Each structure stands twice: as C-alpha cells, then as structure tokens.
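upload.pdb follows; it contains PDB, C-alpha atoms.
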```
ATOM      1  CA  MET W   1      59.198  93.673 103.992
ATOM      2  CA  CYS W   2      57.076  90.596 103.945
ATOM      3  CA  GLY W   3      55.906  88.227 101.323
ATOM      4  CA  ARG W   4      52.386  87.944 102.710
ATOM      5  CA  PHE W   5      49.729  89.088 100.340
ATOM      6  CA  ASP W   6      46.489  90.333 101.739
ATOM      7  CA  GLY W   7      44.198  89.763  98.864
ATOM      8  CA  GLU W   8      40.609  88.878  98.969
ATOM      9  CA  SER W   9      41.406  85.383 100.047
ATOM     10  CA  CYS W  10      44.146  86.364 102.537
ATOM     11  CA  ALA W  11      46.222  83.710 100.920
ATOM     12  CA  GLN W  12      50.025  83.492 100.926
ATOM     13  CA  LEU W  13      51.730  84.243  97.659
ATOM     14  CA  ALA W  14      54.875  82.108  97.854
ATOM     15  CA  VAL W  15      56.519  83.853  94.934
ATOM     16  CA  MET W  16      56.591  87.111  96.896
ATOM     17  CA  ASP W  17      58.585  85.410  99.645
ATOM     18  CA  ALA W  18      60.979  84.066  97.006
ATOM     19  CA  ILE W  19      61.414  87.493  95.424
ATOM     20  CA  VAL W  20      62.134  89.049  98.818
ATOM     21  CA  PHE W  21      64.711  86.332  99.502
ATOM     22  CA  PHE W  22      66.287  86.869  96.080
ATOM     23  CA  ILE W  23      66.529  90.653  96.527
ATOM     24  CA  GLY W  24      67.971  90.140 100.007
ATOM     25  CA  ALA W  25      70.596  87.732  98.651
ATOM     26  CA  VAL W  26      71.625  90.154  95.908
ATOM     27  CA  LEU W  27      71.871  93.046  98.383
ATOM     28  CA  VAL W  28      73.939  91.036 100.867
ATOM     29  CA  SER W  29      76.260  89.867  98.055
ATOM     30  CA  ASN W  30      76.711  93.419  96.804
ATOM     31  CA  ILE W  31      77.520  94.718 100.268
ATOM     32  CA  ILE W  32      80.085  91.975 100.933
ATOM     33  CA  MET W  33      81.737  92.407  97.530
ATOM     34  CA  SER W  34      81.893  96.182  97.880
ATOM     35  CA  TYR W  35      83.814  95.730 101.153
ATOM     36  CA  VAL W  36      86.207  93.160  99.741
ATOM     37  CA  THR W  37      86.910  94.705  96.313
ATOM     38  CA  PRO W  38      88.912  97.730  97.576
ATOM     39  CA  LEU W  39      91.463  95.437  99.247
ATOM     40  CA  PRO W  40      94.802  96.012  97.513
ATOM     41  CA  ASN W  41      96.104  93.302  95.240
ATOM     42  CA  HIS W  42      99.634  94.468  95.892
ATOM     43  CA  SER W  43     101.018  95.630  99.168
ATOM     44  CA  GLN W  44     101.681  99.342  98.960
ATOM     45  CA  GLY W  45     104.096  99.271 101.926
ATOM     46  CA  ASN W  46     107.097 101.367 101.057
ATOM     47  CA  SER W  47     106.211 101.571  97.411
ATOM     48  CA  ILE W  48     103.943 103.105  94.824
ATOM     49  CA  GLY W  49     102.717 100.682  92.238
ATOM     50  CA  GLY W  50     105.509  98.346  93.182
ATOM     51  CA  ASP W  51     108.227 100.927  92.908
ATOM     52  CA  THR W  52     110.286 102.835  95.392
ATOM     53  CA  ASP W  53     109.026 105.332  97.925
ATOM     54  CA  PRO W  54     109.487 108.996  96.819
ATOM     55  CA  ALA W  55     111.103 109.805 100.177
ATOM     56  CA  GLU W  56     113.783 107.194  99.516
ATOM     57  CA  ILE W  57     114.277 108.455  95.953
ATOM     58  CA  LEU W  58     114.705 112.024  97.214
ATOM     59  CA  ARG W  59     117.114 111.056 100.013
ATOM     60  CA  THR W  60     119.247 108.911  97.688
ATOM     61  CA  PHE W  61     119.167 111.470  94.896
ATOM     62  CA  LEU W  62     120.402 114.309  97.122
ATOM     63  CA  ALA W  63     123.417 112.235  98.225
ATOM     64  CA  THR W  64     124.338 111.177  94.672
ATOM     65  CA  SER W  65     127.214 112.742  92.759
ATOM     66  CA  LEU W  66     126.559 114.493  89.465
ATOM     67  CA  CYS W  67     129.101 112.138  87.838
ATOM     68  CA  GLU W  68     129.714 114.831  85.217
ATOM     69  CA  SER W  69     131.601 118.085  85.470
ATOM     70  CA  VAL W  70     129.467 121.186  85.050
ATOM     71  CA  VAL W  71     130.710 124.687  84.386
ATOM     72  CA  VAL W  72     128.352 127.573  85.138
ATOM     73  CA  ASP W  73     129.016 131.045  83.840
ATOM     74  CA  LEU W  74     128.430 133.410  86.768
ATOM     75  CA  GLY W  75     130.421 136.303  85.377
ATOM     76  CA  GLN W  76     133.413 134.054  85.756
ATOM     77  CA  PRO W  77     133.292 130.284  85.184
ATOM     78  CA  PHE W  78     132.169 128.303  88.248
ATOM     79  CA  TYR W  79     133.351 124.719  88.162
ATOM     80  CA  MET W  80     131.462 121.790  89.761
ATOM     81  CA  ASP W  81     133.382 118.532  89.492
ATOM     82  CA  ASP W  82     131.850 115.097  88.966
ATOM     83  CA  ARG W  83     131.951 114.285  92.703
ATOM     84  CA  THR W  84     129.719 117.224  93.623
ATOM     85  CA  THR W  85     126.501 115.836  95.077
ATOM     86  CA  ALA W  86     123.053 116.900  93.931
ATOM     87  CA  ALA W  87     122.435 118.565  97.318
ATOM     88  CA  GLU W  88     125.662 120.578  97.023
ATOM     89  CA  SER W  89     124.899 121.646  93.457
ATOM     90  CA  LEU W  90     121.385 122.733  94.482
ATOM     91  CA  ALA W  91     122.855 124.775  97.350
ATOM     92  CA  ILE W  92     125.220 126.500  94.899
ATOM     93  CA  GLU W  93     122.369 127.194  92.481
ATOM     94  CA  LEU W  94     120.176 128.599  95.271
ATOM     95  CA  LEU W  95     123.016 130.852  96.418
ATOM     96  CA  ALA W  96     123.435 132.150  92.873
ATOM     97  CA  LEU W  97     119.689 132.724  92.484
ATOM     98  CA  GLU W  98     119.649 134.615  95.789
ATOM     99  CA  ALA W  99     122.487 136.765  94.447
ATOM    100  CA  GLY W 100     120.317 137.673  91.472
ATOM    101  CA  HIS W 101     121.630 135.340  88.801
ATOM    102  CA  ASP W 102     119.299 133.947  86.175
ATOM    103  CA  MET W 103     118.083 130.331  86.283
ATOM    104  CA  MET W 104     118.919 130.046  82.557
ATOM    105  CA  GLN W 105     122.594 130.009  83.525
ATOM    106  CA  PHE W 106     121.940 126.669  85.269
ATOM    107  CA  ASP W 107     120.192 124.976  82.359
ATOM    108  CA  ARG W 108     122.948 122.364  82.006
ATOM    109  CA  LEU W 109     122.923 121.561  85.740
ATOM    110  CA  ASN W 110     119.117 121.455  85.898
ATOM    111  CA  GLY W 111     119.027 119.142  82.875
ATOM    112  CA  LEU W 112     121.509 116.837  84.596
ATOM    113  CA  ILE W 113     119.450 116.838  87.802
ATOM    114  CA  HIS W 114     116.345 115.954  85.807
ATOM    115  CA  ASP W 115     118.232 113.115  84.082
ATOM    116  CA  MET W 116     119.326 111.796  87.496
ATOM    117  CA  LEU W 117     115.761 111.775  88.761
ATOM    118  CA  ARG W 118     114.425 110.126  85.623
ATOM    119  CA  ALA W 119     117.119 107.461  85.876
ATOM    120  CA  VAL W 120     115.884 106.362  89.261
ATOM    121  CA  CYS W 121     112.114 106.828  88.944
ATOM    122  CA  ASN W 122     109.630 104.369  87.541
ATOM    123  CA  PRO W 123     109.049 105.263  83.851
ATOM    124  CA  ALA W 124     105.325 105.441  84.658
ATOM    125  CA  PHE W 125     106.040 108.633  86.606
ATOM    126  CA  GLU W 126     107.516 111.959  85.576
ATOM    127  CA  PRO W 127     109.669 113.468  88.353
ATOM    128  CA  TYR W 128     109.615 117.163  89.263
ATOM    129  CA  LEU W 129     111.908 118.750  91.824
ATOM    130  CA  LEU W 130     110.675 121.875  93.598
ATOM    131  CA  VAL W 131     112.655 123.985  96.050
ATOM    132  CA  LEU W 132     110.621 126.239  98.331
ATOM    133  CA  ASP W 133     111.717 129.018 100.648
ATOM    134  CA  MET W 134     110.482 127.941 104.092
ATOM    135  CA  ASP W 135     110.379 131.549 105.332
ATOM    136  CA  ASP W 136     108.195 132.661 102.448
ATOM    137  CA  ASP W 137     105.478 130.082 101.923
ATOM    138  CA  LEU W 138     103.194 132.479 100.046
ATOM    139  CA  SER W 139     105.295 132.833  96.925
ATOM    140  CA  GLY W 140     105.845 129.980  94.512
ATOM    141  CA  PRO W 141     108.852 127.685  94.383
ATOM    142  CA  VAL W 142     112.298 129.264  94.176
ATOM    143  CA  LEU W 143     113.346 126.519  91.800
ATOM    144  CA  SER W 144     111.360 124.076  89.706
ATOM    145  CA  ILE W 145     113.059 121.358  87.621
ATOM    146  CA  PRO W 146     111.292 121.190  85.194
ATOM    147  CA  CYS W 147     108.164 123.347  85.556
ATOM    148  CA  VAL W 148     105.390 121.402  87.302
ATOM    149  CA  PRO W 149     102.210 121.050  85.212
ATOM    150  CA  GLU W 150      99.067 122.661  86.574
ATOM    151  CA  VAL W 151      97.237 119.358  86.843
ATOM    152  CA  THR W 152      99.017 117.047  89.263
ATOM    153  CA  LYS W 153      96.207 114.591  89.910
ATOM    154  CA  ASN W 154      97.235 111.323  91.578
ATOM    155  CA  ALA W 155     100.765 112.623  92.121
ATOM    156  CA  TYR W 156     103.032 111.375  94.902
ATOM    157  CA  ALA W 157     105.356 113.703  96.745
ATOM    158  CA  SER W 158     107.971 113.786  99.433
ATOM    159  CA  SER W 159     110.001 116.628 100.902
ATOM    160  CA  THR W 160     113.093 117.235 102.966
ATOM    161  CA  GLU W 161     114.964 120.267 104.239
ATOM    162  CA  ILE W 162     118.168 121.387 102.537
ATOM    163  CA  PRO W 163     120.480 124.102 103.870
ATOM    164  CA  GLY W 164     120.823 127.458 102.134
ATOM    165  CA  SER W 165     123.146 130.365 102.813
ATOM    166  CA  GLY W 166     123.595 131.302 106.475
ATOM    167  CA  ALA W 167     120.621 130.269 108.562
ATOM    168  CA  MET W 168     118.324 129.879 105.580
ATOM    169  CA  VAL W 169     116.640 126.529 105.098
ATOM    170  CA  TYR W 170     114.902 125.431 101.926
ATOM    171  CA  LEU W 171     112.409 122.664 101.393
ATOM    172  CA  ALA W 172     113.211 120.301  98.522
ATOM    173  CA  GLU W 173     110.116 118.520  97.282
ATOM    174  CA  LEU W 174     110.009 115.644  94.827
ATOM    175  CA  VAL W 175     106.707 115.286  92.966
ATOM    176  CA  LEU W 176     106.026 112.165  90.926
ATOM    177  CA  CYS W 177     103.226 112.639  88.403
ATOM    178  CA  PRO W 178     101.833 109.577  86.609
ATOM    179  CA  THR W 179     102.418 109.679  82.878
ATOM    180  CA  LEU W 180     100.005 106.791  82.289
ATOM    181  CA  LEU W 181      96.421 106.320  83.350
ATOM    182  CA  PRO W 182      96.342 105.970  87.168
ATOM    183  CA  GLU W 183      94.742 102.542  86.793
ATOM    184  CA  LEU W 184      97.841 101.272  84.991
ATOM    185  CA  VAL W 185     100.369 102.647  87.494
TER
ATOM    186  CA  MET Q   1      50.514  83.973  89.111
ATOM    187  CA  LYS Q   2      47.507  83.098  91.219
ATOM    188  CA  ALA Q   3      47.285  83.153  94.957
ATOM    189  CA  ASP Q   4      47.403  79.666  96.361
ATOM    190  CA  ASP Q   5      43.970  79.660  97.939
ATOM    191  CA  ALA Q   6      43.814  76.008  98.696
ATOM    192  CA  GLY Q   7      47.360  75.800  99.963
ATOM    193  CA  VAL Q   8      48.146  73.195  97.370
ATOM    194  CA  ALA Q   9      50.213  74.343  94.410
ATOM    195  CA  GLY Q  10      50.911  72.547  91.241
ATOM    196  CA  PHE Q  11      54.493  71.874  90.195
ATOM    197  CA  PHE Q  12      54.517  74.417  87.363
ATOM    198  CA  GLU Q  13      53.003  77.049  89.622
ATOM    199  CA  ASP Q  14      56.008  76.708  91.982
ATOM    200  CA  LEU Q  15      58.674  76.961  89.268
ATOM    201  CA  PRO Q  16      59.100  80.751  89.550
ATOM    202  CA  VAL Q  17      59.422  80.382  93.310
ATOM    203  CA  LEU Q  18      62.013  77.683  92.849
ATOM    204  CA  MET Q  19      63.896  79.813  90.317
ATOM    205  CA  PHE Q  20      64.085  82.848  92.596
ATOM    206  CA  VAL Q  21      65.197  80.742  95.569
ATOM    207  CA  LEU Q  22      67.829  78.860  93.568
ATOM    208  CA  VAL Q  23      69.241  82.023  91.970
ATOM    209  CA  GLY Q  24      69.310  83.719  95.396
ATOM    210  CA  VAL Q  25      71.170  80.777  96.961
ATOM    211  CA  ALA Q  26      73.556  80.613  93.980
ATOM    212  CA  THR Q  27      74.278  84.331  94.329
ATOM    213  CA  LEU Q  28      75.175  83.908  98.002
ATOM    214  CA  VAL Q  29      77.340  80.846  97.351
ATOM    215  CA  LEU Q  30      79.195  82.464  94.434
ATOM    216  CA  CYS Q  31      79.752  85.640  96.415
ATOM    217  CA  GLY Q  32      81.091  83.657  99.381
ATOM    218  CA  THR Q  33      83.439  81.667  97.154
ATOM    219  CA  TRP Q  34      84.717  84.762  95.399
ATOM    220  CA  VAL Q  35      85.307  86.616  98.667
ATOM    221  CA  SER Q  36      87.104  83.630 100.159
ATOM    222  CA  ARG Q  37      89.378  83.255  97.122
ATOM    223  CA  ASN Q  38      90.072  86.994  97.028
ATOM    224  CA  LEU Q  39      90.985  87.144 100.721
ATOM    225  CA  ASN Q  40      93.223  84.120 100.335
ATOM    226  CA  ALA Q  41      94.985  85.664  97.313
ATOM    227  CA  VAL Q  42      95.519  88.936  99.213
ATOM    228  CA  GLN Q  43      96.969  87.031 102.170
ATOM    229  CA  VAL Q  44      99.390  85.121  99.927
ATOM    230  CA  GLN Q  45     100.340  88.359  98.156
ATOM    231  CA  GLU Q  46     101.065  90.127 101.441
ATOM    232  CA  GLU Q  47     103.127  87.194 102.662
ATOM    233  CA  LEU Q  48     105.224  87.199  99.462
ATOM    234  CA  ASP Q  49     105.675  90.994  99.536
ATOM    235  CA  SER Q  50     106.787  90.773 103.153
ATOM    236  CA  LEU Q  51     109.267  88.037 102.264
ATOM    237  CA  ALA Q  52     110.632  90.102  99.358
ATOM    238  CA  GLU Q  53     111.001  93.072 101.698
ATOM    239  CA  ASP Q  54     112.875  90.927 104.243
ATOM    240  CA  LEU Q  55     115.175  89.691 101.486
ATOM    241  CA  VAL Q  56     115.976  93.196 100.227
ATOM    242  CA  ASN Q  57     116.494  94.449 103.804
ATOM    243  CA  SER Q  58     118.905  91.578 104.486
ATOM    244  CA  VAL Q  59     120.977  92.415 101.408
ATOM    245  CA  MET Q  60     120.882  96.145 102.287
ATOM    246  CA  SER Q  61     121.970  95.329 105.823
ATOM    247  CA  ARG Q  62     124.878  93.219 104.540
ATOM    248  CA  LEU Q  63     125.970  96.073 102.249
ATOM    249  CA  LEU Q  64     125.494  98.949 104.691
ATOM    250  CA  ARG Q  65     126.967  97.095 107.704
ATOM    251  CA  PRO Q  66     125.069  98.571 110.684
ATOM    252  CA  GLU Q  67     128.086  97.861 112.907
ATOM    253  CA  THR Q  68     130.009 100.585 111.037
ATOM    254  CA  PRO Q  69     127.471 103.422 110.651
ATOM    255  CA  GLY Q  70     128.397 106.299 108.372
ATOM    256  CA  LEU Q  71     130.658 104.237 106.132
ATOM    257  CA  MET Q  72     129.394 104.031 102.580
ATOM    258  CA  PRO Q  73     129.768 100.695 100.790
ATOM    259  CA  SER Q  74     131.615 100.469  97.495
ATOM    260  CA  VAL Q  75     130.493  99.185  94.117
ATOM    261  CA  THR Q  76     132.965  96.331  94.511
ATOM    262  CA  SER Q  77     131.290  95.147  97.711
ATOM    263  CA  ALA Q  78     127.913  95.239  95.939
ATOM    264  CA  GLN Q  79     129.370  93.151  93.116
ATOM    265  CA  ASN Q  80     130.947  90.629  95.466
ATOM    266  CA  VAL Q  81     128.232  90.164  98.076
ATOM    267  CA  ASP Q  82     126.984  86.558  98.139
ATOM    268  CA  ILE Q  83     123.304  87.143  97.407
ATOM    269  CA  SER Q  84     122.377  83.474  97.140
ATOM    270  CA  ASP Q  85     123.715  82.758 100.628
ATOM    271  CA  ILE Q  86     121.561  85.549 102.124
ATOM    272  CA  ALA Q  87     118.502  84.612 100.076
ATOM    273  CA  SER Q  88     118.583  80.916 100.945
ATOM    274  CA  ARG Q  89     118.437  81.818 104.649
ATOM    275  CA  VAL Q  90     115.610  84.361 104.257
ATOM    276  CA  VAL Q  91     113.158  82.866 101.769
ATOM    277  CA  GLY Q  92     113.380  79.218 102.822
ATOM    278  CA  GLU Q  93     111.355  77.026 100.471
ATOM    279  CA  ARG Q  94     110.191  79.899  98.293
ATOM    280  CA  HIS Q  95     111.779  80.776  94.966
ATOM    281  CA  TYR Q  96     113.477  84.102  94.412
ATOM    282  CA  LEU Q  97     115.249  86.356  91.981
ATOM    283  CA  ILE Q  98     117.290  89.239  93.331
ATOM    284  CA  ALA Q  99     119.403  91.829  91.563
ATOM    285  CA  ILE Q 100     121.638  94.753  92.448
ATOM    286  CA  ILE Q 101     121.452  97.338  89.694
ATOM    287  CA  ALA Q 102     123.332 100.614  89.241
ATOM    288  CA  ARG Q 103     120.691 103.217  88.289
ATOM    289  CA  TYR Q 104     122.890 106.281  87.858
ATOM    290  CA  PRO Q 105     125.129 107.310  86.050
ATOM    291  CA  SER Q 106     124.547 104.202  83.915
ATOM    292  CA  TYR Q 107     122.031 101.374  84.130
ATOM    293  CA  THR Q 108     124.206  98.348  84.871
ATOM    294  CA  TRP Q 109     123.424  94.969  86.441
ATOM    295  CA  LEU Q 110     126.077  94.450  89.106
ATOM    296  CA  ASN Q 111     124.998  91.252  90.837
ATOM    297  CA  THR Q 112     122.152  88.766  90.552
ATOM    298  CA  GLY Q 113     121.024  85.717  92.477
ATOM    299  CA  SER Q 114     118.361  83.120  91.789
ATOM    300  CA  ASP Q 115     117.460  79.575  92.737
ATOM    301  CA  ASN Q 116     117.135  78.774  89.010
ATOM    302  CA  ASP Q 117     113.515  77.697  89.311
ATOM    303  CA  THR Q 118     111.902  77.650  85.873
ATOM    304  CA  ALA Q 119     108.265  77.146  86.928
ATOM    305  CA  LEU Q 120     105.873  79.956  86.039
ATOM    306  CA  PRO Q 121     104.701  81.627  89.254
ATOM    307  CA  ASN Q 122     101.029  82.411  89.884
ATOM    308  CA  THR Q 123     101.691  85.139  92.422
ATOM    309  CA  THR Q 124     104.839  87.115  93.068
ATOM    310  CA  GLY Q 125     106.008  89.396  95.859
ATOM    311  CA  TYR Q 126     108.136  92.386  94.928
ATOM    312  CA  CYS Q 127     110.302  94.884  96.755
ATOM    313  CA  SER Q 128     112.821  97.486  95.661
ATOM    314  CA  ARG Q 129     115.050  99.854  97.631
ATOM    315  CA  LEU Q 130     117.736 102.378  96.784
ATOM    316  CA  LEU Q 131     121.096 103.079  98.334
ATOM    317  CA  ASN Q 132     124.192 105.137  97.660
ATOM    318  CA  VAL Q 133     127.596 103.545  97.127
ATOM    319  CA  LEU Q 134     131.036 104.833  96.203
ATOM    320  CA  ASP Q 135     132.416 103.989  92.790
ATOM    321  CA  GLY Q 136     136.116 103.539  91.989
ATOM    322  CA  TYR Q 137     136.573 107.265  91.277
ATOM    323  CA  GLY Q 138     135.208 108.564  94.574
ATOM    324  CA  SER Q 139     131.785 109.554  93.212
ATOM    325  CA  THR Q 140     128.589 108.554  94.987
ATOM    326  CA  ILE Q 141     126.282 106.610  92.717
ATOM    327  CA  MET Q 142     122.768 105.168  93.083
ATOM    328  CA  LEU Q 143     122.107 101.450  93.353
ATOM    329  CA  GLU Q 144     118.835  99.600  93.477
ATOM    330  CA  VAL Q 145     118.314  96.275  95.251
ATOM    331  CA  ARG Q 146     115.321  94.543  93.689
ATOM    332  CA  ALA Q 147     113.788  91.223  94.666
ATOM    333  CA  ILE Q 148     110.979  89.030  93.362
ATOM    334  CA  VAL Q 149     109.755  86.104  95.449
ATOM    335  CA  TRP Q 150     107.256  83.421  94.460
TER
END
```

Show me, as structure tokens, the structure contained in the file I just sent.
Amino acid sequence: MCGRFDGESCAQLAVMDAIVFFIGAVLVSNIIMSYVTPLPNHSQGNSIGGDTDPAEILRTFLATSLCESVVVDLGQPFYMDDRTTAAESLAIELLALEAGHDMMQFDRLNGLIHDMLRAVCNPAFEPYLLVLDMDDDLSGPVLSIPCVPEVTKNAYASSTEIPGSGAMVYLAELVLCPTLLPELV
Amino acid sequence: MKADDAGVAGFFEDLPVLMFVLVGVATLVLCGTWVSRNLNAVQVQEELDSLAEDLVNSVMSRLLRPETPGLMPSVTSAQNVDISDIASRVVGERHYLIAIIARYPSYTWLNTGSDNDTALPNTTGYCSRLLNVLDGYGSTIMLEVRAIVW
C-alpha cells in the first residue's frame, strides 16, 4: 500500500502516508502483544494453578492409610483397620465387586476415600476417582467415587496401574474438575 | 483535505498528518514498553518459582533421605527438621516462608520457617509437594511441603 495519490494534479497527499504508517503501527503492536499475552504469569511446572500435580496427589493418596477402621458387610463383617492403605482398600473393594457384591456395601469406604482426596486437593477442584478394567476398555469404569459429571471441561487427570486379583490389573484415574470458573483457577 | 499541489503546506493543513504520525509512534513505544515489562515480570516470576521449587525439593530430600531409599520418614522428623537452616542455604538473599502441613487425617501445621521479613512482596514464587510419612501409630499419613519465595 502506498500513500501516493494520483489525482488530477499527481500530487502527494501526505495524510495518506501518515494513515498508512498509523495502521502499520497498530497492526505491528497488535501482533507483538498477541504473541506476548499468552505467556504464563505463573509457572505451571509441576502444578495446576499453583497447586500440586494430580499424578503426585494420586501416588500419595494410594499410599496413605485410611486412618479410620471400616467394617464392610459382605455376608459376614469384613474388617479394614486404620492402617489399611487406600490402594489396599481399593483392591479389596474391586475383589468384592468382581465376586458380585454391590457397591452400596462400600458406601462408608467410598465416602472416606472421597474425604481423603478432598483433603489433599485444591478447594478449587472437585476430585473424582475412577477405576477402569484395562482388559475391557469398552465398558465404563468399574468404580467411580463419586460419579463423574458428564461435563468435565478443563479437567486435569492422572492415572496409574493398581493390581487386582490374580493377573488382573486395573487403571486408577484421578480426575480434578474445576468447581470455579477456569479463569479463576 | 486538499492535495498539496504546490508542495508547500500550511501548518494547520499538516496537523492531521502530525496527529497520525504521533499516535502511531506512541502506539509503538507503548507496546514496546508493555512487552518489555511483561517479559521482565515473567522472567522474575519464573526465577522465584524455580527458587521455591528448589527450596521444597531440598526439604523433601532432607526428609526422605535418598541415602536410605525405601524408608519412610516419621511425623517427628518432619516436626524437627531445621527448615530455616535449609532455606538460608537455598534462597540466599531472597525472603521465604515455608511450611510442613499434615493434610490427612487432620489439617495440622507441623513446622514452619521464615526469615521474618515484613515487607509486602510484589511478586512471589510458589511451590507445593506431597509426601507420605508414618505417624506415631504406624499409619501412613499425607504431608504437604509448601514454600513461598519473594
């Protein structure tokens, strides 16, 4: 584009040059600012919104003791003491579910697991623990504490393998869904 | 606006030209200043976050003792670790606040360290990590090591 104006007099219209310069300056500024603006104000590193990585939360959670005794009625009372880790209690629950027991029988344990996760997660996120059968990836999760909402936009997740009965291996997945607007997280 | 046939323009005729040029130059200067300040702030932020991460890793390393892998630290060792000694060697001239907090089964502050600086910081670096420790009853509990550096 050029600021020359071919009128009758073939004269130069200086204001056209100035307008072209002005538009060019605005465009260049916009381009530079659009490149710089997405730079993060906070290092994301091992964190989400300044809080801990979901993989670290999941790993630490699985190794943590329930710190409360839980009795499950599986025909006869099944006792889990306060030193039982979350991973061990999940393995017991998965065994019972495989044997045909109802998840309702584990309401107390599942509530405790949810409390453990909420205790360690940023309050801006709601934690959900899913356990999937790695041999059957078409069906839904074997276990979901609590039920995951349909909309999980802007959620963070991490997964790890946990042993089941025999050679079976399950995939434990921690999903962190923002409870606030994503901009505030 | 008339074309400048004679090549000689009056002062008032050039005012719009001057305005467009000045606003264009101002836009470029302001944009450059803003970008420079933003990049500088990001650099400072990254430096502080990195320092906070180093501080937390140092405390974690002291608690977990890499020379004895597989041994879980106890709550007592988390309560007794000298945080200020570690922090003064890691952060240097910067100010810091570090805390070891039990997150489960109860939310309890176990140990804190600070250089007691009361100035309000403009920018802070933050890092937080989790670890498992044994409590006095043989249960494994969750601790968080959290640091702020400015």

Open item on the list: With the PyMOL selection byres ((chain W and resi 20-32) around 10) as the selection, what would be picked from this file? Answer as number ranges by chain, please.
Closed with: W: 1-3, 15-19, 33-37; Q: 17, 19-32, 35

- So which residues touch W:Arg59 within 10 Å, counting all atoms listed in the file, skipping near sequence neighbours fewer than 2 positions away, as a ChimeraX atom specification? /W:54-57,61-64,87,158-160,174 /Q:130-132

Quiz item: So which one's closest to chain Q, W:Asn122, W:Ser165, W:Ser144, W:Asn154? Using all atoms listed in the file, please.
Solution: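 Result for the nearest residue to chain Q: W:Asn122.
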
Q: Find the residues around W:Ile162 up to 9 Å (all atoms listed in the file counted), leave out those fewer than 3 positions away in its own chain, and share them as a PyMOL selection string.
A: chain W and resi 87+90-91+131+169-172

Students should find that atom CA of W:Ser69 and atom CA of W:His114 are spaced 15.4 Å

- Evaluating the PyMOL selection byres ((chain Q and resi 111-126) around 7) on the displayed file yields which residues, as a ChimeraX atom specification? /W:50 /Q:45,48-49,52,79,83-84,95-100,109-110,127-128,147-150

Please produce a file of the residues just selected, as a compact mmCIF listing (two decimals), in the coordinates of the input, where the atoms kept are C-alpha atoms.
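Wrote it out as again_6.txt, contents follow:
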```
# COMPACT_ATOMS: atom_id res chain seq x y z
CA GLY W 50 105.51 98.35 93.18
CA GLN Q 45 100.34 88.36 98.16
CA LEU Q 48 105.22 87.20 99.46
CA ASP Q 49 105.68 90.99 99.54
CA ALA Q 52 110.63 90.10 99.36
CA GLN Q 79 129.37 93.15 93.12
CA ILE Q 83 123.30 87.14 97.41
CA SER Q 84 122.38 83.47 97.14
CA HIS Q 95 111.78 80.78 94.97
CA TYR Q 96 113.48 84.10 94.41
CA LEU Q 97 115.25 86.36 91.98
CA ILE Q 98 117.29 89.24 93.33
CA ALA Q 99 119.40 91.83 91.56
CA ILE Q 100 121.64 94.75 92.45
CA TRP Q 109 123.42 94.97 86.44
CA LEU Q 110 126.08 94.45 89.11
CA CYS Q 127 110.30 94.88 96.76
CA SER Q 128 112.82 97.49 95.66
CA ALA Q 147 113.79 91.22 94.67
CA ILE Q 148 110.98 89.03 93.36
CA VAL Q 149 109.76 86.10 95.45
CA TRP Q 150 107.26 83.42 94.46
```

The PyMOL selection byres ((chain Q and resi 133) around 12) resolved against shown file, as a PyMOL selection string
(chain W and resi 60-61+63-65) or (chain Q and resi 60+63-64+70-79+100-105+130-132+134-145)

note - atom CA of W:Gly164 and atom CA of W:Gln76 are separated by 21.7 Å

How many Å lie between atom CA of W:Leu58 and atom CA of W:Thr85, rounded to one decimal?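 Result for atom CA of W:Leu58 versus atom CA of W:Thr85: 12.6 Å, one decimal.
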
From the options Q:Val91, Q:Leu15, Q:Val42, Q:Leu55, which residue's atoms come nearest to chain W, counting only C-alpha atoms?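 For chain W, the nearest of the candidates is Q:Val42.
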
Chain W proximity check over Q:Glu46, Q:Arg37, Q:Asp82, Q:Ser61, using only C-alpha atoms: winner is Q:Glu46

Box for stretch 51-62 of chain W: with edges along x, y and z, all listed atoms inside and 5 Å added on each side, what are the centre and edge lengths in Å to one decimal, as AutoDock Vina command-line options?
```
--center_x 114.3 --center_y 107.6 --center_z 96.5 --size_x 22.2 --size_y 23.4 --size_z 17.3
```

### Message
Applying 12 Å and only C-alpha atoms, which residues near W:Pro141 remain after dropping the ones on its own chain fewer than 4 positions away? List them as a PyMOL selection string.
### Response
chain W and resi 94+128-137+145-148+170-173

The residue from W:Gly100, W:Val142, W:Ala86, W:Val72 with the smallest atom-to-atom distance to chain Q, counting all atoms listed in the file, is W:Ala86

Min atom-atom distance to W:Met116 from the set W:Leu66, W:Ala96, W:Asp102, W:Met80, counting all atoms listed in the file, belongs to W:Leu66

Q: For each of Q:Thr68, Q:Asn57, Q:Ser50, Q:Ser88, take the minimum atom-to-atom distance to chain W, counting all atoms listed in the file, then give the residue where this is smallest.
A: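 Smallest separation from chain W among the options: Q:Ser50.
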